[in-house]
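Heads up, my_file-v4.pdb below (PDB, C-alpha atoms):
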```pdb
ATOM      1  CA  GLN M  25      81.853 163.951 104.344
ATOM      2  CA  ALA M  26      81.846 167.724 103.804
ATOM      3  CA  SER M  27      79.602 170.600 104.753
ATOM      4  CA  SER M  28      77.345 171.848 101.962
ATOM      5  CA  LYS M  29      78.939 175.273 102.460
ATOM      6  CA  GLN M  30      82.507 174.058 102.049
ATOM      7  CA  PRO M  31      83.984 174.801  98.584
ATOM      8  CA  LEU M  32      85.364 171.711  96.930
ATOM      9  CA  CYS M  33      87.535 171.612  93.843
ATOM     10  CA  THR M  34      89.464 168.420  94.495
ATOM     11  CA  VAL M  35      90.437 166.248  91.543
ATOM     12  CA  LEU M  36      89.523 162.657  92.308
ATOM     13  CA  THR M  37      90.335 159.518  90.409
ATOM     14  CA  CYS M  38      87.171 157.492  90.343
ATOM     15  CA  LEU M  39      86.729 154.093  91.993
ATOM     16  CA  ARG M  40      89.599 152.220  90.402
ATOM     17  CA  LEU M  41      92.695 154.381  90.430
ATOM     18  CA  SER M  42      92.194 156.130  93.770
ATOM     19  CA  ALA M  43      92.314 152.607  95.231
ATOM     20  CA  PRO M  44      91.329 152.797  98.893
ATOM     21  CA  PRO M  45      91.000 149.205 100.182
ATOM     22  CA  PHE M  46      87.193 149.135  99.811
ATOM     23  CA  TYR M  47      87.491 149.946  96.090
ATOM     24  CA  ALA M  48      89.661 146.971  95.340
ATOM     25  CA  ASN M  49      87.121 144.259  94.555
ATOM     26  CA  ALA M  50      85.420 143.498  91.233
ATOM     27  CA  LEU M  51      84.878 146.908  89.699
ATOM     28  CA  VAL M  52      84.416 145.719  86.133
ATOM     29  CA  ALA M  53      80.893 146.240  84.833
ATOM     30  CA  ARG M  54      78.789 143.225  83.906
ATOM     31  CA  ARG M  55      76.334 143.573  81.042
ATOM     32  CA  VAL M  56      72.917 141.937  81.425
ATOM     33  CA  GLY M  57      70.982 142.108  78.194
ATOM     34  CA  ASP M  58      71.002 145.768  77.208
ATOM     35  CA  MET M  59      71.423 146.935  80.816
ATOM     36  CA  THR M  60      74.688 147.532  82.649
ATOM     37  CA  LYS M  61      75.527 146.378  86.164
ATOM     38  CA  THR M  62      78.235 148.546  87.697
ATOM     39  CA  THR M  63      79.429 150.210  90.906
ATOM     40  CA  ALA M  64      78.386 153.693  92.031
ATOM     41  CA  ALA M  65      78.745 156.006  95.017
ATOM     42  CA  VAL M  66      75.160 156.557  96.186
ATOM     43  CA  LEU M  67      73.983 159.348  98.488
ATOM     44  CA  ARG M  68      70.914 158.315 100.490
ATOM     45  CA  SER M  69      70.693 160.954 103.212
ATOM     46  CA  PRO M  70      71.226 164.735 103.244
ATOM     47  CA  ILE M  71      73.572 164.298 106.209
ATOM     48  CA  GLY M  72      74.974 160.907 105.237
ATOM     49  CA  LYS M  73      78.044 159.696 103.429
ATOM     50  CA  TYR M  74      78.291 158.352  99.899
ATOM     51  CA  GLN M  75      78.252 154.556  99.932
ATOM     52  CA  LEU M  76      79.548 152.235  97.225
ATOM     53  CA  GLU M  77      76.747 150.053  95.876
ATOM     54  CA  GLN M  78      76.073 147.723  92.980
ATOM     55  CA  VAL M  79      73.592 149.395  90.634
ATOM     56  CA  THR M  80      71.980 148.706  87.264
ATOM     57  CA  LEU M  81      71.775 151.306  84.503
ATOM     58  CA  ARG M  82      68.919 151.017  82.026
ATOM     59  CA  GLU M  83      69.445 150.170  78.372
ATOM     60  CA  LEU M  84      70.925 152.852  76.128
ATOM     61  CA  ARG M  85      68.721 154.882  73.823
ATOM     62  CA  ASP M  86      69.690 155.650  70.241
ATOM     63  CA  ASP M  87      71.328 159.009  71.040
ATOM     64  CA  GLU M  88      73.196 157.841  74.153
ATOM     65  CA  LEU M  89      76.621 156.466  75.036
ATOM     66  CA  LEU M  90      77.999 154.312  77.825
ATOM     67  CA  VAL M  91      81.254 155.695  79.244
ATOM     68  CA  LEU M  92      83.684 153.855  81.520
ATOM     69  CA  ILE M  93      84.648 156.521  84.062
ATOM     70  CA  GLU M  94      88.386 156.889  84.677
ATOM     71  CA  GLY M  95      88.391 160.106  86.728
ATOM     72  CA  CYS M  96      86.025 162.601  88.268
ATOM     73  CA  GLY M  97      86.211 165.952  90.055
ATOM     74  CA  PHE M  98      84.282 166.702  93.240
ATOM     75  CA  CYS M  99      82.744 170.171  93.026
ATOM     76  CA  HIS M 100      80.505 172.164  95.357
ATOM     77  CA  THR M 101      77.664 171.669  92.872
ATOM     78  CA  ASP M 102      77.620 167.986  93.838
ATOM     79  CA  MET M 103      76.608 169.081  97.342
ATOM     80  CA  LEU M 104      73.393 170.735  96.125
ATOM     81  CA  VAL M 105      71.435 167.500  96.473
ATOM     82  CA  ARG M 106      71.883 167.704 100.252
ATOM     83  CA  ASP M 107      69.423 170.605 100.196
ATOM     84  CA  PRO M 108      65.802 170.457  98.943
ATOM     85  CA  GLY M 109      65.621 170.696  95.155
ATOM     86  CA  PRO M 110      64.341 169.031  91.993
ATOM     87  CA  ALA M 111      66.533 165.942  92.402
ATOM     88  CA  LYS M 112      65.481 163.510  95.106
ATOM     89  CA  LEU M 113      67.569 161.134  97.192
ATOM     90  CA  PRO M 114      68.867 158.511  96.834
ATOM     91  CA  ILE M 115      71.008 159.691  93.931
ATOM     92  CA  ILE M 116      74.286 159.198  92.084
ATOM     93  CA  THR M 117      75.913 162.585  91.482
ATOM     94  CA  GLY M 118      79.266 163.569  89.951
ATOM     95  CA  HIS M 119      79.385 166.032  87.052
ATOM     96  CA  GLU M 120      83.086 166.357  86.137
ATOM     97  CA  GLY M 121      83.742 162.955  84.626
ATOM     98  CA  SER M 122      86.282 161.672  82.120
ATOM     99  CA  GLY M 123      86.579 158.214  80.646
ATOM    100  CA  VAL M 124      86.518 155.851  77.688
ATOM    101  CA  VAL M 125      83.489 155.194  75.483
ATOM    102  CA  GLU M 126      82.350 151.565  75.696
ATOM    103  CA  VAL M 127      79.050 151.551  73.780
ATOM    104  CA  VAL M 128      77.365 154.024  71.415
ATOM    105  CA  GLY M 129      73.726 154.252  70.361
ATOM    106  CA  SER M 130      72.658 153.785  66.754
ATOM    107  CA  SER M 131      72.228 157.513  66.037
ATOM    108  CA  VAL M 132      75.571 158.619  67.522
ATOM    109  CA  THR M 133      77.890 159.791  64.741
ATOM    110  CA  ARG M 134      80.689 161.944  66.207
ATOM    111  CA  VAL M 135      81.897 159.712  69.039
ATOM    112  CA  ARG M 136      83.237 156.180  68.668
ATOM    113  CA  VAL M 137      83.874 153.211  70.918
ATOM    114  CA  GLY M 138      87.347 153.590  72.441
ATOM    115  CA  ASP M 139      87.402 157.400  72.305
ATOM    116  CA  HIS M 140      88.775 159.194  75.350
ATOM    117  CA  VAL M 141      86.224 161.763  76.466
ATOM    118  CA  VAL M 142      85.501 164.534  78.953
ATOM    119  CA  LEU M 143      81.888 164.972  80.088
ATOM    120  CA  THR M 144      80.033 168.246  80.515
ATOM    121  CA  PHE M 145      76.425 169.328  81.168
ATOM    122  CA  ASP M 146      73.683 168.188  78.796
ATOM    123  CA  SER M 147      71.557 170.352  76.486
ATOM    124  CA  CYS M 148      68.842 169.729  73.928
ATOM    125  CA  GLY M 149      70.655 171.229  70.931
ATOM    126  CA  ALA M 150      67.338 172.398  69.443
ATOM    127  CA  CYS M 151      65.933 175.276  71.499
ATOM    128  CA  HIS M 152      66.509 178.995  70.832
ATOM    129  CA  SER M 153      69.356 179.241  73.358
ATOM    130  CA  CYS M 154      71.143 176.161  72.016
ATOM    131  CA  HIS M 155      70.897 177.481  68.439
ATOM    132  CA  LYS M 156      72.474 180.718  69.673
ATOM    133  CA  GLY M 157      75.371 178.739  71.153
ATOM    134  CA  ARG M 158      74.216 179.444  74.716
ATOM    135  CA  LYS M 159      73.816 175.832  75.812
ATOM    136  CA  ALA M 160      74.077 176.690  79.508
ATOM    137  CA  TYR M 161      70.738 178.470  79.042
ATOM    138  CA  CYS M 162      69.061 175.508  77.322
ATOM    139  CA  GLN M 163      65.284 175.575  77.734
ATOM    140  CA  HIS M 164      65.455 172.048  79.144
ATOM    141  CA  PHE M 165      68.550 172.541  81.323
ATOM    142  CA  MET M 166      66.928 171.657  84.643
ATOM    143  CA  ALA M 167      65.185 168.558  83.340
ATOM    144  CA  ARG M 168      68.307 167.304  81.585
ATOM    145  CA  ASN M 169      70.790 168.039  84.353
ATOM    146  CA  MET M 170      69.219 168.364  87.790
ATOM    147  CA  SER M 171      66.106 166.189  87.866
ATOM    148  CA  GLY M 172      67.815 162.842  88.449
ATOM    149  CA  ARG M 173      65.764 161.297  85.637
ATOM    150  CA  SER M 174      65.601 161.044  81.866
ATOM    151  CA  LEU M 175      63.898 163.898  80.040
ATOM    152  CA  ASP M 176      60.680 161.859  79.797
ATOM    153  CA  GLY M 177      60.705 161.346  83.572
ATOM    154  CA  SER M 178      61.775 157.696  83.473
ATOM    155  CA  GLN M 179      64.351 156.152  85.785
ATOM    156  CA  VAL M 180      67.962 155.684  84.685
ATOM    157  CA  ALA M 181      69.288 153.513  87.523
ATOM    158  CA  VAL M 182      68.099 151.098  90.197
ATOM    159  CA  ASP M 183      69.837 149.589  93.215
ATOM    160  CA  GLU M 184      70.334 145.905  94.025
ATOM    161  CA  ASN M 185      66.749 145.675  95.276
ATOM    162  CA  GLY M 186      65.322 147.200  92.122
ATOM    163  CA  GLU M 187      64.539 150.471  93.891
ATOM    164  CA  PRO M 188      64.972 153.654  91.795
ATOM    165  CA  LEU M 189      68.054 155.855  92.107
ATOM    166  CA  GLY M 190      68.474 159.375  90.799
ATOM    167  CA  ALA M 191      71.041 159.566  87.990
ATOM    168  CA  ARG M 192      72.029 161.567  84.888
ATOM    169  CA  TRP M 193      73.178 164.363  87.264
ATOM    170  CA  PHE M 194      74.380 167.058  84.849
ATOM    171  CA  GLY M 195      73.841 164.546  82.074
ATOM    172  CA  GLN M 196      76.259 161.979  83.507
ATOM    173  CA  SER M 197      76.342 160.956  87.231
ATOM    174  CA  ALA M 198      80.068 160.286  87.112
ATOM    175  CA  PHE M 199      80.491 159.066  90.711
ATOM    176  CA  ALA M 200      80.301 155.580  89.223
ATOM    177  CA  ARG M 201      82.318 153.183  87.115
ATOM    178  CA  HIS M 202      79.919 153.771  84.212
ATOM    179  CA  ALA M 203      77.755 156.683  83.106
ATOM    180  CA  ILE M 204      75.117 157.168  80.427
ATOM    181  CA  THR M 205      75.695 160.352  78.413
ATOM    182  CA  THR M 206      74.675 161.912  75.108
ATOM    183  CA  GLU M 207      76.765 163.013  72.159
ATOM    184  CA  ARG M 208      76.026 166.639  73.092
ATOM    185  CA  ASN M 209      77.746 166.436  76.469
ATOM    186  CA  THR M 210      80.587 164.108  75.501
ATOM    187  CA  VAL M 211      83.779 165.781  74.246
ATOM    188  CA  VAL M 212      86.490 163.692  72.566
ATOM    189  CA  VAL M 213      90.031 164.449  73.753
ATOM    190  CA  ASP M 214      93.504 163.408  72.602
ATOM    191  CA  LYS M 215      94.512 159.977  73.906
ATOM    192  CA  SER M 216      97.955 161.270  74.879
ATOM    193  CA  LEU M 217      96.439 163.472  77.616
ATOM    194  CA  PRO M 218      96.201 162.259  81.263
ATOM    195  CA  LEU M 219      92.579 161.127  81.149
ATOM    196  CA  GLN M 220      92.224 160.637  84.904
ATOM    197  CA  MET M 221      92.940 164.346  85.495
ATOM    198  CA  LEU M 222      90.740 165.851  82.775
ATOM    199  CA  GLY M 223      87.276 165.536  84.322
ATOM    200  CA  PRO M 224      87.106 169.052  85.868
ATOM    201  CA  LEU M 225      87.727 170.551  82.414
ATOM    202  CA  GLY M 226      84.197 169.498  81.436
TER
END
```
Could you take the file, read its structure, and then write that structure out as structure tokens?
Amino acid sequence: QASSKQPLCTVLTCLRLSAPPFYANALVARRVGDMTKTTAAVLRSPIGKYQLEQVTLRELRDDELLVLIEGCGFCHTDMLVRDPGPAKLPIITGHEGSGVVEVVGSSVTRVRVGDHVVLTFDSCGACHSCHKGRKAYCQHFMARNMSGRSLDGSQVAVDENGEPLGARWFGQSAFARHAITTERNTVVVDKSLPLQMLGPLG
């Protein structure tokens, strides 16, 4: 647990390869219909610790991908949810993920199943700023990256009791074994590169 004022730039390997004893059991996702059951680090209190929980991610939409997370950085930005803001607790954060694409939606064309990828923030790709190549100033940046919900306001994840969890933090929520992303914030990288260390490059 770290203070919200403490700078963090530590490269972490997510859930499987960092391998503390409590990560050791059954971390392979189980698909149920079009939903995905997986493991995530959930923050429930502004002064609490992240806790590993079984969660369910909603079904993919046509422009989305399901990524198996292999590594993730822990940045100071992930501490923002400890202070009042647009995203509400409980939430799954993590915004420097890297992994392998497991499933792609029907309208995804540039990313394929099995691709190694680095994840970055999401953008709409259609507003004035995005057309100018200034995606960090996307008109919908806050809704797509810091709301904890889909752009239409719907939930992305629920816990074991069916209670809603914030997710899609910076278009990913990579403190989990699986993350839902879009083609716009998923960057294919060479498979010869050390995937577990690439997350902070996003």
Of the candidates M:Ser216, M:Asn169, M:Thr63, M:Thr133, which shows the shortest atom-to-atom distance to Gln196 in chain M, using only C-alpha atoms?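 Checking each candidate against Gln196 in chain M, we get M:Asn169 as the closest.
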**Request:** List, as a VMD selection string, every residue that the PyMOL selection byres ((chain M and resi 75) around 8) selects in the file provided.
**Result:** chain M and resid 64 to 67 73 to 74 76 to 77
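Note that CA of Val125 in chain M and CA of His140 in chain M are 6.6 Å apart.
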Among M:Thr62, M:Thr117, M:Gln179, M:Ser171, Ser197 in chain M is approached most closely, using all atoms listed in the file, by M:Thr117
Taken to one decimal, the CA of Val137 in chain M-CA of Arg85 in chain M distance is 15.5 Å
